[in-house]
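Encoded as structure tokens, the structure appears first; notes follow it.
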Amino acid sequence: MRKLASIAAIMLLPLSATACFGGGGGGSTTSGEATGQVTYWLWDANQLPAYQACADAFHGANQDVTIKISQYGWDDYWSKVTTGFVSGTAPDVFTDHLSKYPEFVSKQQLAPLDDFVSKDSVPTDIYESGLADLWKGPDGKRYGLPKDWDTIAVFYNKKMAAAAGVTADQLNTAAWNPTDGGTYEKIIAKLTVDKSGKHGDQPGFDKNNVKTYGLGLAGSGGGFGQTQWSMYAFSNGWQFNDQPTWGKKYNYDDPKFLETIGWWRGLIKKGYMPPLEKTVGVDGGQQLGAGNYALLTEGSWNTGALTSLKGVNVGIAPTPIGPIGKRASMFNGLGDSIWTGSKSIPAAWKWVKFLASPQCQDIVAGKAVVFPAITEAVPKAEQAFKAKGVDVSAFTVQVKDKTTHLAPVTDHGSDVTAIMTPAMDSVVGFKSDVNSLVQANKQVNQLFQ
Amino acid sequence: MATTLKTTTPSAHTATAPAPGRQISWGRVAAWAVMIAIILITIFPFYWMLRTALSNGKSLPAHSSSFLPADFTWGPFKRVFGLASVAEAQAEGGSGANINFWLYLRNSVIVATVITAGQVFFSCMAAYAFARLRWPGRNLVFGLFLTALMVPPIFTTLPNFVLIRQLGLLNTLTGIVLPFVFMTPFAIFFMRQFFLGISREIEEAARIDGAGHIRIFFRVIVPMAAAPITTLAILTYISAWNEYFWPLLVATDDNARVLTVALGVFRSQTPQGTPDWPGLMAATLVAALPMLLLFVAFGKKIVNSIQFSGIK
Amino acid sequence: MQATTQAETLQRAGPAKTGRARRLARGDVIPALLFILPATIGFLVFYLWPTVRGFYLSLTDYSLFGLPKFVGLKNFQQLVHDKVLINALWVTLEYVVINIGVQTVVALGIAVLMHRLTESTTIRGAVLLPYLVANVVVALVWLWMLDSQLGIVNVILGWFGISPEAWFGNSALVIPTVALVNVWKHMGYTALLIFAGLQTIPKTVYEAAAVDGSSEWRTFWRITIPLLRPVLVLVLIMTVIGSFQVFDTVAVTSKGGPGNASRVIQYYIYEQAFSRSHFGYASALSVVLFVILAVVAIIQMRVLRGGESDLD
């Protein structure tokens, strides 16, 4: 019998060893109280210092709540969040994205903030053009508070532009169209240089041996195309869905969209844009810095990174004017959401309230990384950028002229991505015809039936 | 190449030198050339890991064809062990994210050790019962266990994930270890083959001396099986250490993350960005190092174990 | 002495005829149960139950949030029309053919070379090195070496005037690239298994062949390979089944892209389950994989006639 007991003990030993270590994760302690530790996640390493500063300021005023910030790279971030939902270890508060949050709402993973907002009389009209309403679900409840917004612009190599005789004014007034690309394509052609020094608009240009591409490429953009093609599609009169938010139909089969993509990918065939396979795992910003791209359409969140590239002087121009007579840019906003499974939602709310308040957003604005959601804080960001020698008017003009278009806010985000990314990769890689997007769109719309 | 080798003794076991007075055949030279090429192809990537792990990320493009580290620096290793400040990290192209490799290393050690200890021990016991003990239904149950070999791991992975979640063991080391710690069909099969080959007389002798099965097992059988047990332990340890899919699903939380999963941390920190290559290579070196060290210590044994495992 | 005589007496007494022998036979049950208990727990909880549950889940809609909802054969009706599934199977098949084809030939070559040239454990060890390291480590190192911009492979190819390739970005190259990376990882291990088999072939066979005037090449084809059949069959079965389940390398390098060019079946299942939250559908997909692997295994067993050795 003693033998049996000792054997049983030995058998249980391995298990107890693991139980001693590696306990469960998750941050918060007390349930339902407004104190303790609040875990906060974000993905942009460039914004980490800004939010750490906010956390320090917050802790100064709320000694009984500590904020633990974790940054995970974009590739990792969303799968960690969704796995966290599943395994019960999601963060208390996390940076949320307009395109991702609808699915979380339908899976009931986000805590509605309305009661908190009304109890603490939080003003929701201080945010830029309707940003606050974008975070309302189909049930009308609020699932996030706005944090920042971003638009897209054209970053360009000033020296190359000057050498090719392209002026800032020409860039600012460039126009494109699906037929011949307009003055925009002419500029791109001028800025493309092949290995023997010929420019894209000169006879004898060898499109198979290009040294500098006039327009850079950062992947196919999948179904989102924020920095890749959305600005062209919007300025051609196209919309993602049948309504601005919570739509139930996508329009990837719209002729206006198809002709936009057709023109855009055609730039590759002309040698003005790199082939898709050359852009896999390649950093567009680095390419701009290395002189391999002359122009690159990128987001305002990368302003700091792109303007501080060594060895290249980068200018920023607004997106080109489209057939509808106006320019366009996707308007995306990040917000902060609370997880329903958080162990201390009241404490999490305190942090979210602070994040959405002028005090924190002013701090963030001053660090010149993003544009804060609060309208009054925006000039502070502009000044902070100016102090670093960067003129961000190309971004803000979109908001001023009201030429922004929302990122798609619909349910089934992950399925749409899973369908559209390979479809768009295939089209931009010239493995399928542009019309294959019609079929992809059918599949996407089936999700909503 | 062919015919000149006919006259050297075609021994299956020794590499003979050419007979005295005979010139070295071209065939042999060619064969050695190929062998050396193969060894180079096998070893070079390891060298390249080291070379990159000692390079400055921002200097990589400029030195892409150099075989020496680009701007030698210990920075990547510092980043891996969380010793670099955010500023230092970003200066060399890293991200400054929180990385705690000592923790992941510890987790990997615990997971691999526990799995190996449990799996080998329990499988041995079961194998002995199947091989040497007589009881009704023995072969039927063994056959049943073997059918588990037929089921592809992915098929049981999904429901196992659900089970572990229901047990509340997600993001714990216990959760990672549990499905593997009791047995695998291969381990039982492997040990049973060996036990089948043990002569009955030794057991009979011990039993007549009054020993119970348990004592026979521990005092007699196990010492005899030291070699295959070692083989199994080595194979299990290597496979447990290198496990990726299951720990990826079950444990992403820092407390329970293992090295293989943690390597993903060094991937792109920005969408469309490039990874911190030096940091990543330093991390892979750290992840690979324990196995390599084990190899340096037990090399011959490992080589022989692997060969032995093939002869079932 | 006395013990042996008693054992002999027992034996001569015939099987289980004496009361003592009968008691011994039944007496094995209790220790046997004890011995197989942990393994049985493991088998029931983590192999049998998940297999049953897997089949059940394949008949449900399950998003991991909330409870599984029974939907009958809906998932299976859906997967018949799933173009991405068809693509996944094709892509996986392409991978298996290239991977196994190249790996077997290369491993055979290495084994023969080692057999002919040297007994050295150092060389065997060097060749085994890639196997000791995790799949993800191998994948990451090669991802870096094959980087289209800065990777050393493109640099070296450039010396020979070959223009740089986007190994993981080109949809025609991505699967062969992943396959070859895995060949690199496993060729040493497979070579060792074959090498062990080579060593079991008796010298006399080669000597007889030499006496008959058979050339090196002919000896290899007519004698060595047929005698290696059991080992080769074992190796083929193990590697093919494993190959169908490739995941780690793809997950870390191409992630199914570009487009769907490397979306192998296990990666697709993983995506459906964990990225797109269609756990029920993913379970149905794994049923499909299960059936395919079972069929493949049976075909292999039949076609290759692995049980027999031509030596007899």
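Naming works like this for the structure tokens: A, B, ... for the chains as they're shown, residue 1 at the start of each chain, ligands 1 onward in shown order.
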
Per residue of range 24-111 of chain C within 6 Å of range 118-128 of chain B, record the nearest atom pair and its distance in Å to one decimal, counting only C-alpha atoms, with rows in chain order and ascending residue number, as a Markdown table.
| residue | atom | partner | partner_atom | distance |
| --- | --- | --- | --- | --- |
| C:Phe35 | CA | B:Met125 | CA | 5.0 |
| C:Ile36 | CA | B:Ala126 | CA | 4.3 |
| C:Ala39 | CA | B:Phe122 | CA | 5.9 |

Hey, list the chain A side of the contact with chain C: 10 Å cut-off, only C-alpha atoms, answer as a CSV table (one decimal) with C-alpha atoms, in the first residue's frame.
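Ended up saving to part_3.csv:
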chain,number,residue,atom,x,y,z
A,4,LEU,CA,1.0,2.5,-4.2
A,7,ILE,CA,3.7,5.8,-6.8
A,8,ALA,CA,0.6,7.9,-6.8
A,11,MET,CA,2.6,10.5,-10.7
A,78,TRP,CA,-5.5,41.3,-32.9
A,79,SER,CA,-5.0,37.5,-32.6
A,82,THR,CA,-9.3,37.6,-29.8
A,83,THR,CA,-7.5,34.7,-28.2
A,85,PHE,CA,-11.4,37.0,-25.3
A,86,VAL,CA,-11.6,33.2,-25.7
A,87,SER,CA,-9.3,32.3,-23.0
A,107,LYS,CA,-19.6,38.6,-29.8
A,108,GLN,CA,-20.5,40.6,-26.8
A,109,GLN,CA,-17.0,41.2,-25.7
A,219,GLY,CA,1.0,45.2,-50.3
A,220,SER,CA,-2.3,44.8,-52.1
A,222,GLY,CA,-6.8,43.4,-49.2
A,275,PRO,CA,5.4,44.2,-58.7
A,276,LEU,CA,3.5,42.9,-55.7
A,277,GLU,CA,6.0,40.0,-55.0
A,278,LYS,CA,8.7,42.6,-54.5
A,279,THR,CA,6.8,44.2,-51.7
A,280,VAL,CA,6.3,41.2,-49.4
A,281,GLY,CA,8.0,41.7,-46.1
A,282,VAL,CA,9.5,45.0,-47.4
A,412,HIS,CA,-17.9,39.9,-40.0
A,413,GLY,CA,-14.6,41.9,-40.3
A,414,SER,CA,-12.3,38.9,-40.1
A,415,ASP,CA,-14.2,36.9,-42.7
A,416,VAL,CA,-14.3,39.8,-45.1
A,417,THR,CA,-10.5,40.2,-44.6
A,418,ALA,CA,-10.0,36.5,-45.1
A,419,ILE,CA,-11.9,36.6,-48.4
A,420,MET,CA,-10.7,39.9,-49.8
A,421,THR,CA,-7.0,39.6,-49.0
A,422,PRO,CA,-6.2,36.6,-51.2
A,423,ALA,CA,-8.6,38.0,-53.8
A,424,MET,CA,-6.8,41.4,-54.0
A,425,ASP,CA,-3.4,39.8,-53.8
A,426,SER,CA,-4.3,37.7,-56.8
A,427,VAL,CA,-5.5,40.7,-58.8
A,428,VAL,CA,-2.6,43.0,-57.9
A,429,GLY,CA,-0.2,40.1,-58.6
A,431,LYS,CA,-2.8,36.2,-61.2

*Find the residues around Gln300 in chain C up to 7 Å (only C-alpha atoms counted), leave out those fewer than 4 positions away in its own chain, and share them as a ChimeraX atom specification.*
/C:237,296,304

Keeping only N, CA and C atoms, write the selected residues as a CSV table (one decimal), in the first residue's frame.
chain,number,residue,atom,x,y,z
C,237,ILE,N,6.4,6.4,-44.9
C,237,ILE,CA,5.1,6.6,-44.2
C,237,ILE,C,5.1,7.7,-43.2
C,296,VAL,N,-4.5,7.8,-47.3
C,296,VAL,CA,-3.1,7.8,-47.7
C,296,VAL,C,-2.3,6.7,-47.0
C,304,LEU,N,3.3,-0.3,-50.8
C,304,LEU,CA,4.7,-0.4,-50.5
C,304,LEU,C,5.1,-1.7,-49.9

_I want to know what sits within 8 Å of range 215-218 of chain B, based on only C-alpha atoms, with residues of the same chain fewer than 6 positions away left out; could you give that as a PyMOL selection string?_
chain B and resi 128+203+206-207

*Enumerate as a list in words all residues of range 48-165 of chain A assigned to strand (DSSP E) by DSSP on the backbone, naming them with the chain letters and numbers the document uses.*
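Taking range 48-165 of chain A and keeping strand (DSSP E) only, one gets Val65, Thr66, Ile67, Lys68, Ile69, Ser70, Gln71, Val93, Phe94, Thr95, Asp96, His97, Leu145, Pro146, Lys147, Asp148, Trp149, Asp150, Ile152, Ala153, Val154, Phe155, Tyr156 and Asn157 of chain A.
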
Please dump the current selection as a PDB file, in the first residue's frame; keep N, CA and C atoms.
ATOM      1  N   VAL A  65      -5.133  53.456  -8.608  1.00  0.00           N
ATOM      2  CA  VAL A  65      -5.226  52.683  -9.855  1.00  0.00           C
ATOM      3  C   VAL A  65      -3.891  52.740 -10.584  1.00  0.00           C
ATOM      4  N   THR A  66      -3.360  51.591 -10.934  1.00  0.00           N
ATOM      5  CA  THR A  66      -2.125  51.594 -11.726  1.00  0.00           C
ATOM      6  C   THR A  66      -2.435  51.044 -13.117  1.00  0.00           C
ATOM      7  N   ILE A  67      -1.797  51.675 -14.094  1.00  0.00           N
ATOM      8  CA  ILE A  67      -1.999  51.243 -15.472  1.00  0.00           C
ATOM      9  C   ILE A  67      -0.784  50.456 -15.933  1.00  0.00           C
ATOM     10  N   LYS A  68      -1.038  49.271 -16.469  1.00  0.00           N
ATOM     11  CA  LYS A  68       0.081  48.487 -17.012  1.00  0.00           C
ATOM     12  C   LYS A  68      -0.091  48.429 -18.519  1.00  0.00           C
ATOM     13  N   ILE A  69       0.833  49.093 -19.228  1.00  0.00           N
ATOM     14  CA  ILE A  69       0.716  49.178 -20.686  1.00  0.00           C
ATOM     15  C   ILE A  69       1.548  48.088 -21.345  1.00  0.00           C
ATOM     16  N   SER A  70       0.970  47.402 -22.301  1.00  0.00           N
ATOM     17  CA  SER A  70       1.727  46.424 -23.085  1.00  0.00           C
ATOM     18  C   SER A  70       1.582  46.755 -24.557  1.00  0.00           C
ATOM     19  N   GLN A  71       2.690  46.693 -25.267  1.00  0.00           N
ATOM     20  CA  GLN A  71       2.637  46.945 -26.700  1.00  0.00           C
ATOM     21  C   GLN A  71       2.938  45.658 -27.461  1.00  0.00           C
ATOM     22  N   VAL A  93      -8.530  47.221 -20.862  1.00  0.00           N
ATOM     23  CA  VAL A  93      -8.785  48.276 -21.841  1.00  0.00           C
ATOM     24  C   VAL A  93      -7.832  48.047 -23.007  1.00  0.00           C
ATOM     25  N   PHE A  94      -8.287  48.298 -24.202  1.00  0.00           N
ATOM     26  CA  PHE A  94      -7.366  48.149 -25.314  1.00  0.00           C
ATOM     27  C   PHE A  94      -7.704  49.119 -26.427  1.00  0.00           C
ATOM     28  N   THR A  95      -6.681  49.417 -27.226  1.00  0.00           N
ATOM     29  CA  THR A  95      -6.874  50.283 -28.375  1.00  0.00           C
ATOM     30  C   THR A  95      -7.696  49.526 -29.399  1.00  0.00           C
ATOM     31  N   ASP A  96      -8.818  50.122 -29.761  1.00  0.00           N
ATOM     32  CA  ASP A  96      -9.729  49.428 -30.660  1.00  0.00           C
ATOM     33  C   ASP A  96      -9.736  50.122 -32.019  1.00  0.00           C
ATOM     34  N   HIS A  97     -10.205  49.408 -33.036  1.00  0.00           N
ATOM     35  CA  HIS A  97     -10.131  49.886 -34.412  1.00  0.00           C
ATOM     36  C   HIS A  97     -11.543  49.847 -34.989  1.00  0.00           C
ATOM     37  N   LEU A 145     -14.604  55.132 -26.756  1.00  0.00           N
ATOM     38  CA  LEU A 145     -14.491  56.582 -26.815  1.00  0.00           C
ATOM     39  C   LEU A 145     -13.342  56.924 -27.756  1.00  0.00           C
ATOM     40  N   PRO A 146     -13.520  57.955 -28.579  1.00  0.00           N
ATOM     41  CA  PRO A 146     -12.518  58.248 -29.613  1.00  0.00           C
ATOM     42  C   PRO A 146     -11.189  58.660 -29.027  1.00  0.00           C
ATOM     43  N   LYS A 147     -10.166  58.296 -29.715  1.00  0.00           N
ATOM     44  CA  LYS A 147      -8.823  58.507 -29.219  1.00  0.00           C
ATOM     45  C   LYS A 147      -8.036  59.378 -30.184  1.00  0.00           C
ATOM     46  N   ASP A 148      -8.022  58.978 -31.449  1.00  0.00           N
ATOM     47  CA  ASP A 148      -7.326  59.786 -32.441  1.00  0.00           C
ATOM     48  C   ASP A 148      -7.927  59.533 -33.801  1.00  0.00           C
ATOM     49  N   TRP A 149      -7.476  60.276 -34.793  1.00  0.00           N
ATOM     50  CA  TRP A 149      -7.916  60.018 -36.159  1.00  0.00           C
ATOM     51  C   TRP A 149      -6.726  60.111 -37.076  1.00  0.00           C
ATOM     52  N   ASP A 150      -6.871  59.567 -38.263  1.00  0.00           N
ATOM     53  CA  ASP A 150      -5.770  59.658 -39.217  1.00  0.00           C
ATOM     54  C   ASP A 150      -6.318  59.741 -40.628  1.00  0.00           C
ATOM     55  N   ILE A 152      -4.721  59.968 -44.996  1.00  0.00           N
ATOM     56  CA  ILE A 152      -3.625  59.509 -45.854  1.00  0.00           C
ATOM     57  C   ILE A 152      -3.106  60.679 -46.683  1.00  0.00           C
ATOM     58  N   ALA A 153      -1.827  60.656 -46.961  1.00  0.00           N
ATOM     59  CA  ALA A 153      -1.242  61.678 -47.828  1.00  0.00           C
ATOM     60  C   ALA A 153      -0.131  61.046 -48.654  1.00  0.00           C
ATOM     61  N   VAL A 154       0.421  61.839 -49.543  1.00  0.00           N
ATOM     62  CA  VAL A 154       1.499  61.344 -50.403  1.00  0.00           C
ATOM     63  C   VAL A 154       2.835  61.853 -49.873  1.00  0.00           C
ATOM     64  N   PHE A 155       3.671  60.938 -49.433  1.00  0.00           N
ATOM     65  CA  PHE A 155       5.014  61.310 -48.987  1.00  0.00           C
ATOM     66  C   PHE A 155       5.927  61.269 -50.210  1.00  0.00           C
ATOM     67  N   TYR A 156       6.754  62.287 -50.363  1.00  0.00           N
ATOM     68  CA  TYR A 156       7.604  62.268 -51.549  1.00  0.00           C
ATOM     69  C   TYR A 156       9.036  62.694 -51.245  1.00  0.00           C
ATOM     70  N   ASN A 157       9.921  62.215 -52.083  1.00  0.00           N
ATOM     71  CA  ASN A 157      11.341  62.511 -51.958  1.00  0.00           C
ATOM     72  C   ASN A 157      11.588  63.878 -52.597  1.00  0.00           C
TER      73      ASN A 157
END

*Selection: 8 Å around range 152-163 of chain C, only C-alpha atoms, excl. self and same-chain fewer than 5 positions, as JSON, numbers by chain*: {"B": [64, 65], "C": [145, 146, 147]}

*Quote the spacing between CA of Ala365 in chain A and CA of Leu98 in chain A in Å to one decimal place.*
20.5 Å

_Could you pull out the helix (DSSP H, G or I) residues of range 256-401 of chain A, going by DSSP on the backbone, and write them as a PyMOL selection string?_
chain A and resi 256-269+276-279+284-289+300-307+345-355+358-366+375-387+393-400

Between range 14-121 of chain C and range 293-306 of chain B, at 12 Å or less, what are the per-residue closest atom pairs and their distances in Å? Count only C-alpha atoms, order by chain and rising residue number, and return it as CSV.
residue,atom,partner,partner_atom,distance
C:Glu119,CA,B:Val303,CA,11.8
C:Ser120,CA,B:Lys300,CA,9.9
C:Thr121,CA,B:Lys300,CA,6.3

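Comparing the minimum interatomic distances between chain C and each of B:Trp277, B:Tyr47, B:Phe142, B:Phe186, counting only C-alpha atoms, we find that B:Trp277 sits nearest.
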
Per residue of chain C within 7 Å of chain B, which atom pair is closest and at what distance in Å (one decimal), using only C-alpha atoms, listed by chain and increasing number, as CSV?
residue,atom,partner,partner_atom,distance
C:Ala3,CA,B:Ala205,CA,5.9
C:Ala7,CA,B:Glu204,CA,6.8
C:Ala25,CA,B:Arg134,CA,5.8
C:Arg26,CA,B:Trp135,CA,6.6
C:Asp28,CA,B:Arg134,CA,5.6
C:Val29,CA,B:Trp135,CA,5.1
C:Pro31,CA,B:His213,CA,6.6
C:Ala32,CA,B:Ala129,CA,5.2
C:Phe35,CA,B:Met125,CA,5.0
C:Ile36,CA,B:Ala126,CA,4.3
C:Pro38,CA,B:Phe182,CA,5.9
C:Ala39,CA,B:Phe182,CA,5.2
C:Gly42,CA,B:Phe182,CA,4.9
C:Phe46,CA,B:Pro179,CA,5.5
C:Tyr47,CA,B:Ala148,CA,6.5
C:Pro50,CA,B:Pro159,CA,5.0
C:Thr51,CA,B:Thr156,CA,5.7
C:Arg53,CA,B:Pro159,CA,6.2
C:Gly54,CA,B:Pro159,CA,5.7
C:Leu113,CA,B:Ala31,CA,6.8
C:Arg116,CA,B:Ala15,CA,6.0
C:Leu117,CA,B:Ala15,CA,5.3
C:Thr118,CA,B:Ala15,CA,5.5
C:Thr121,CA,B:Lys300,CA,6.3
C:Arg124,CA,B:Val303,CA,7.0
C:Gly125,CA,B:Val303,CA,6.2
C:Ala126,CA,B:Ile39,CA,6.7
C:Val127,CA,B:Ile39,CA,6.3
C:Pro130,CA,B:Thr42,CA,6.9
C:Leu132,CA,B:Met291,CA,6.2
C:Val133,CA,B:Ala288,CA,5.5
C:Ala134,CA,B:Asn242,CA,4.3
C:Asn135,CA,B:Asn242,CA,6.9
C:Val136,CA,B:Thr260,CA,6.6
C:Val137,CA,B:Thr284,CA,5.5
C:Val141,CA,B:Met49,CA,6.6
C:Leu150,CA,B:Ser64,CA,5.7
C:Ile152,CA,B:Ser65,CA,6.7
C:Val155,CA,B:Ser65,CA,6.1
C:Leu192,CA,B:Gln307,CA,5.7
C:Leu193,CA,B:Gln307,CA,5.2
C:Ala196,CA,B:Gln307,CA,5.4
C:Gln199,CA,B:Ala12,CA,6.4
C:Pro202,CA,B:Ala12,CA,6.9
C:Lys203,CA,B:Ala12,CA,5.3
C:Tyr206,CA,B:Pro10,CA,6.1
C:Glu207,CA,B:Pro10,CA,6.5
C:Ala210,CA,B:Lys6,CA,6.5
C:Ser215,CA,B:Thr3,CA,5.6
C:Glu216,CA,B:Ala2,CA,5.2
C:Trp217,CA,B:Ala2,CA,6.3
C:Asp248,CA,B:Phe245,CA,6.8
C:Ser286,CA,B:Phe155,CA,5.4
C:Val287,CA,B:Phe155,CA,6.9
C:Phe290,CA,B:Pro152,CA,6.0
C:Ala294,CA,B:Met150,CA,6.9

*Residues within 8 Å of Ser108 in chain B, only C-alpha atoms, excluding chain neighbours under 2 positions, as number ranges by chain*: B: 104-106, 110-112, 241, 257-259

*Please provide the set of residues having any atom within 10 Å of Leu89 in chain C, restricted to only C-alpha atoms, with same-chain residues fewer than 5 positions apart removed, written as an MDAnalysis selection string.*
chainID C and resid 83:84 94:95 244 263:266 268 289 292

Would you mind exporting the chosen residues as a short mmCIF file (atom, residue, chain, number, x, y, z; two decimals), in the first residue's frame, restricted to N, CA and C atoms?
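As written to disk, selection-v7.cif reads:
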data_model
loop_
_atom_site.label_atom_id
_atom_site.label_comp_id
_atom_site.auth_asym_id
_atom_site.auth_seq_id
_atom_site.Cartn_x
_atom_site.Cartn_y
_atom_site.Cartn_z
N LYS C 83 -13.90 26.74 -52.32
CA LYS C 83 -12.77 26.77 -53.24
C LYS C 83 -11.44 26.85 -52.50
N VAL C 84 -11.47 27.53 -51.39
CA VAL C 84 -10.22 27.66 -50.63
C VAL C 84 -9.79 26.31 -50.08
N GLU C 94 0.95 19.50 -53.42
CA GLU C 94 2.15 19.96 -54.10
C GLU C 94 3.32 19.98 -53.13
N TYR C 95 3.04 20.49 -51.92
CA TYR C 95 4.08 20.55 -50.91
C TYR C 95 4.61 19.16 -50.58
N PHE C 244 1.91 16.10 -44.65
CA PHE C 244 0.56 16.61 -44.91
C PHE C 244 0.14 17.62 -43.87
N ARG C 263 -1.63 28.47 -48.58
CA ARG C 263 -2.61 28.21 -47.52
C ARG C 263 -2.85 26.71 -47.42
N VAL C 264 -1.92 26.03 -46.76
CA VAL C 264 -2.02 24.59 -46.64
C VAL C 264 -3.17 24.24 -45.70
N ILE C 265 -3.57 22.96 -45.75
CA ILE C 265 -4.81 22.57 -45.09
C ILE C 265 -4.79 22.82 -43.59
N GLN C 266 -3.68 22.51 -42.92
CA GLN C 266 -3.69 22.71 -41.48
C GLN C 266 -3.73 24.20 -41.13
N TYR C 268 -5.20 26.48 -42.93
CA TYR C 268 -6.57 26.92 -43.22
C TYR C 268 -7.49 26.55 -42.06
N LEU C 289 -9.53 16.10 -43.33
CA LEU C 289 -8.10 15.80 -43.28
C LEU C 289 -7.86 14.41 -42.70
N ILE C 292 -8.59 11.83 -45.30
CA ILE C 292 -7.54 11.80 -46.32
C ILE C 292 -6.30 11.09 -45.81
#

*Taking only C-alpha atoms into account, which of C:Ala172, C:Trp184, C:Met114, C:Pro68 comes nearest Leu129 in chain C?*
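When distances to Leu129 in chain C are compared using only C-alpha atoms, the smallest one comes from C:Trp184.
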
*Quick one: of B:Ile229, B:Ile176, B:Ala131, B:Leu140, who's nearest to chain A, counting only C-alpha atoms?*
B:Ile176

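Taking CA of Ala356 in chain A as the reference point, CA of Thr307 in chain A is found at 27.6 Å.
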